[in-house]
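Worksheet: one structure, shown below.
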Amino acid sequence: MTDSVILDKRGQSLWITINRPDKRNALNGDVIAGIARGYAKAHEDAEVRVIVLTGAGEKAFCAGADLQNSGAAFATDFSRPNVDYADLLRLSQNATKPAIARVNGVCMAGGMGLLCMTDMAIAADHVIFGLPEVKVGVFPMQVLSLLQNIAPRRLINEWALTGEPFDAKAAMAAGLLNHVVPAAELDAKIDWLIGRIIDKSPTAIRRGKYAMRAIGAMSFDESIAYLESQIALLAMTEDAKEGLKAFAEKRKPVWTGK
């Protein structure tokens, strides 16, 4: 039996690959659990600086829920106040290591949620995106929790209410992606972005991601008061002291992550 999710440490990055190419990397319980394990593994390993989330093969990043068994796809245990997919989105938002979506193929429905739960995204120029849930009588309820803070409301309305697909150019214009490149250049662009993260202070990134998450629901007055205290705390860390010292000495800093 093939693992539904492959976890592969590559240097200072941990790659989480949905490994169901014959099912267009559709989501099921094993896939959701595997991605969650990847996030946990990345945070347990101090050497890992970046998470990369992708799909196996060239056709799909993630096509959403596995509809081959629709009853299982939308089944809910009403004794539980939450569901596994929602818990995965919660986990991603509380992560303190940056995550990049490597969008190698079709990205639909729940796959859009995986895209939105990462911090940055790079897609191949042939990729098609969409929220087709209304075509099967449901709605992208959980995806909206993250999508609403990324894309313009009018576009979200159109995507969710019509269920019609859109291309990588439209996804880029809507703010869903950082970069769009030819498929042959996808991995090189991922490596380029990883390289621009791992040479920076892990402490600054960790505390910075925590702060960005915290101010998400704050007013300006609340957020500025919170952030001015955060910069004071950050300035007391070893990485901040090393960064200033290295700047003064005109050398590259040696980060300890402390």
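Labels used: A, B, ... for chains in the order of the structure tokens, numbers from 1 for residues in each chain, and numbers from 1 for ligands as shown.
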
Produce a table with one row for each residue of stretch 91-209 of chain A that has an atom at most 10 Å from any atom of stretch 4-17 of chain A, each row naming the nearest atom pair and its distance in Å at one decimal; use only C-alpha atoms; arrange rows by chain and rising residue number; format as JSON lines.
```
{"residue": "A:Pro98", "atom": "CA", "partner": "A:Ser13", "partner_atom": "CA", "distance": 10.0}
{"residue": "A:Ala99", "atom": "CA", "partner": "A:Leu14", "partner_atom": "CA", "distance": 9.4}
{"residue": "A:Ile100", "atom": "CA", "partner": "A:Trp15", "partner_atom": "CA", "distance": 9.5}
{"residue": "A:Ala101", "atom": "CA", "partner": "A:Ile16", "partner_atom": "CA", "distance": 9.7}
{"residue": "A:Arg102", "atom": "CA", "partner": "A:Thr17", "partner_atom": "CA", "distance": 9.6}
{"residue": "A:Asp191", "atom": "CA", "partner": "A:Ser13", "partner_atom": "CA", "distance": 9.7}
{"residue": "A:Ile194", "atom": "CA", "partner": "A:Ser13", "partner_atom": "CA", "distance": 7.6}
{"residue": "A:Gly195", "atom": "CA", "partner": "A:Gln12", "partner_atom": "CA", "distance": 9.5}
{"residue": "A:Ile198", "atom": "CA", "partner": "A:Gln12", "partner_atom": "CA", "distance": 7.3}
```

For the residues selected in the previous step, produce a file with N, CA, C and O atoms as a CSV table (one decimal), in the first residue's frame.
```csv
chain,number,residue,atom,x,y,z
A,98,PRO,N,7.5,29.1,8.1
A,98,PRO,CA,6.8,29.5,6.8
A,98,PRO,C,6.5,28.3,5.9
A,98,PRO,O,7.3,27.3,5.9
A,99,ALA,N,5.4,28.3,5.2
A,99,ALA,CA,5.1,27.2,4.3
A,99,ALA,C,4.8,27.8,2.9
A,99,ALA,O,4.2,28.9,2.7
A,100,ILE,N,5.3,27.1,1.9
A,100,ILE,CA,5.1,27.4,0.5
A,100,ILE,C,4.3,26.4,-0.2
A,100,ILE,O,4.6,25.2,-0.1
A,101,ALA,N,3.3,26.8,-1.0
A,101,ALA,CA,2.6,25.9,-1.8
A,101,ALA,C,3.2,25.8,-3.2
A,101,ALA,O,3.4,26.8,-3.8
A,102,ARG,N,3.6,24.6,-3.5
A,102,ARG,CA,4.1,24.3,-4.9
A,102,ARG,C,3.0,23.8,-5.7
A,102,ARG,O,2.7,22.6,-5.7
A,191,ASP,N,13.1,26.6,-5.2
A,191,ASP,CA,14.4,26.7,-4.5
A,191,ASP,C,14.9,28.1,-4.3
A,191,ASP,O,15.5,28.4,-3.3
A,194,ILE,N,13.0,29.4,-1.3
A,194,ILE,CA,13.5,28.7,-0.1
A,194,ILE,C,14.8,29.4,0.3
A,194,ILE,O,15.1,29.7,1.5
A,195,GLY,N,15.7,29.6,-0.6
A,195,GLY,CA,17.0,30.2,-0.4
A,195,GLY,C,16.9,31.6,0.2
A,195,GLY,O,17.8,32.0,1.0
A,198,ILE,N,15.8,30.8,4.2
A,198,ILE,CA,16.7,30.1,5.1
A,198,ILE,C,18.0,30.8,5.5
A,198,ILE,O,18.6,30.5,6.5
```

List as a tab-separated table every residue of stretch 179-199 of chain A that is in contact with stretch 155-175 of chain A, defined as an atom at most 12 Å from one of its atoms (using only C-alpha atoms), together with the nearest atom pair and the distance in Å rounded to one decimal, sorted by chain and then rising number.
```
residue	atom	partner	partner_atom	distance
A:His179	CA	A:Met172	CA	7.1
A:Val180	CA	A:Ala168	CA	6.9
A:Val181	CA	A:Ala168	CA	9.4
A:Pro182	CA	A:Ala168	CA	10.8
A:Ala183	CA	A:Ala168	CA	11.7
```

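Here atom CA of A:Thr203 is placed at a distance of 13.4 Å from atom CA of A:Ala95.
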
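Of the residues in stretch 52-177 of chain A, those that DSSP places in strand (DSSP E or B) on the basis of the backbone are Val52, Leu53, Thr54, Gly55, Ala60, Phe61, Cys62, Ala65, Ala99, Ile100, Ala101, Arg102, Val103, Val106, Cys107, Met108, Met120, Ala121, Ile122, Ala123, Ala124, Ile128, Phe129, Gly130, Phe166 and Asp167 of chain A.
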
>> What's around stretch 205-215 of chain A at 10 Å? Count only C-alpha atoms, leave out sequence neighbours fewer than 6 positions away in its own chain, and write the answer as a ChimeraX atom specification.
In response: /A:49,93-98,119,197-198,222-224,226-227,230-231,233-234,257

>> Could you pull out the alpha helix (DSSP H) residues of stretch 54-183 of chain A, going by DSSP on the backbone, and write them as an MDAnalysis selection string?
In response: chainID A and resid 70:73 84:93 110:117 141:147 153:162 168:173

Residue contacts of A:Lys23 (8 Å, only C-alpha atoms) excluding same-chain residues fewer than 3 positions away, as a compact mmCIF listing (two decimals) with all heavy atoms, in the first residue's frame:
```txt
# COMPACT_ATOMS: atom_id res chain seq x y z
N ARG A 20 -1.41 10.81 -4.22
CA ARG A 20 -2.54 10.09 -4.83
C ARG A 20 -2.75 10.60 -6.26
O ARG A 20 -3.85 11.06 -6.61
CB ARG A 20 -3.81 10.27 -4.01
CG ARG A 20 -3.71 9.89 -2.54
CD ARG A 20 -5.06 10.03 -1.85
NE ARG A 20 -5.97 8.97 -2.25
CZ ARG A 20 -7.31 9.11 -2.28
NH1 ARG A 20 -7.88 10.26 -1.96
NH2 ARG A 20 -8.07 8.09 -2.64
N ALA A 26 -6.63 13.83 -4.40
CA ALA A 26 -7.83 14.21 -3.66
C ALA A 26 -7.66 13.97 -2.17
O ALA A 26 -6.91 13.08 -1.73
CB ALA A 26 -9.04 13.43 -4.18
N ASP A 66 -12.23 13.65 -1.99
CA ASP A 66 -12.38 12.45 -2.81
C ASP A 66 -13.86 12.11 -2.91
O ASP A 66 -14.48 11.66 -1.95
CB ASP A 66 -11.62 11.29 -2.16
CG ASP A 66 -11.54 10.06 -3.05
OD1 ASP A 66 -12.32 10.00 -4.03
OD2 ASP A 66 -10.71 9.19 -2.79
```

> Could you state the separation of atom CA of A:Leu131 and atom CA of A:Leu27 in Å, given to one decimal place?
Replying inline: 14.6 Å

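The smallest atom-to-atom distance between A:Leu147 and any of A:Ser219, A:Gly110, A:Glu133, A:Ser201, using only C-alpha atoms, is found for A:Gly110.
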
>> I need the residue nearest A:Val134 from this list: A:Leu146, A:Val52, A:Val254, A:Ala109. Use only C-alpha atoms for the distance.
In response: A:Ala109
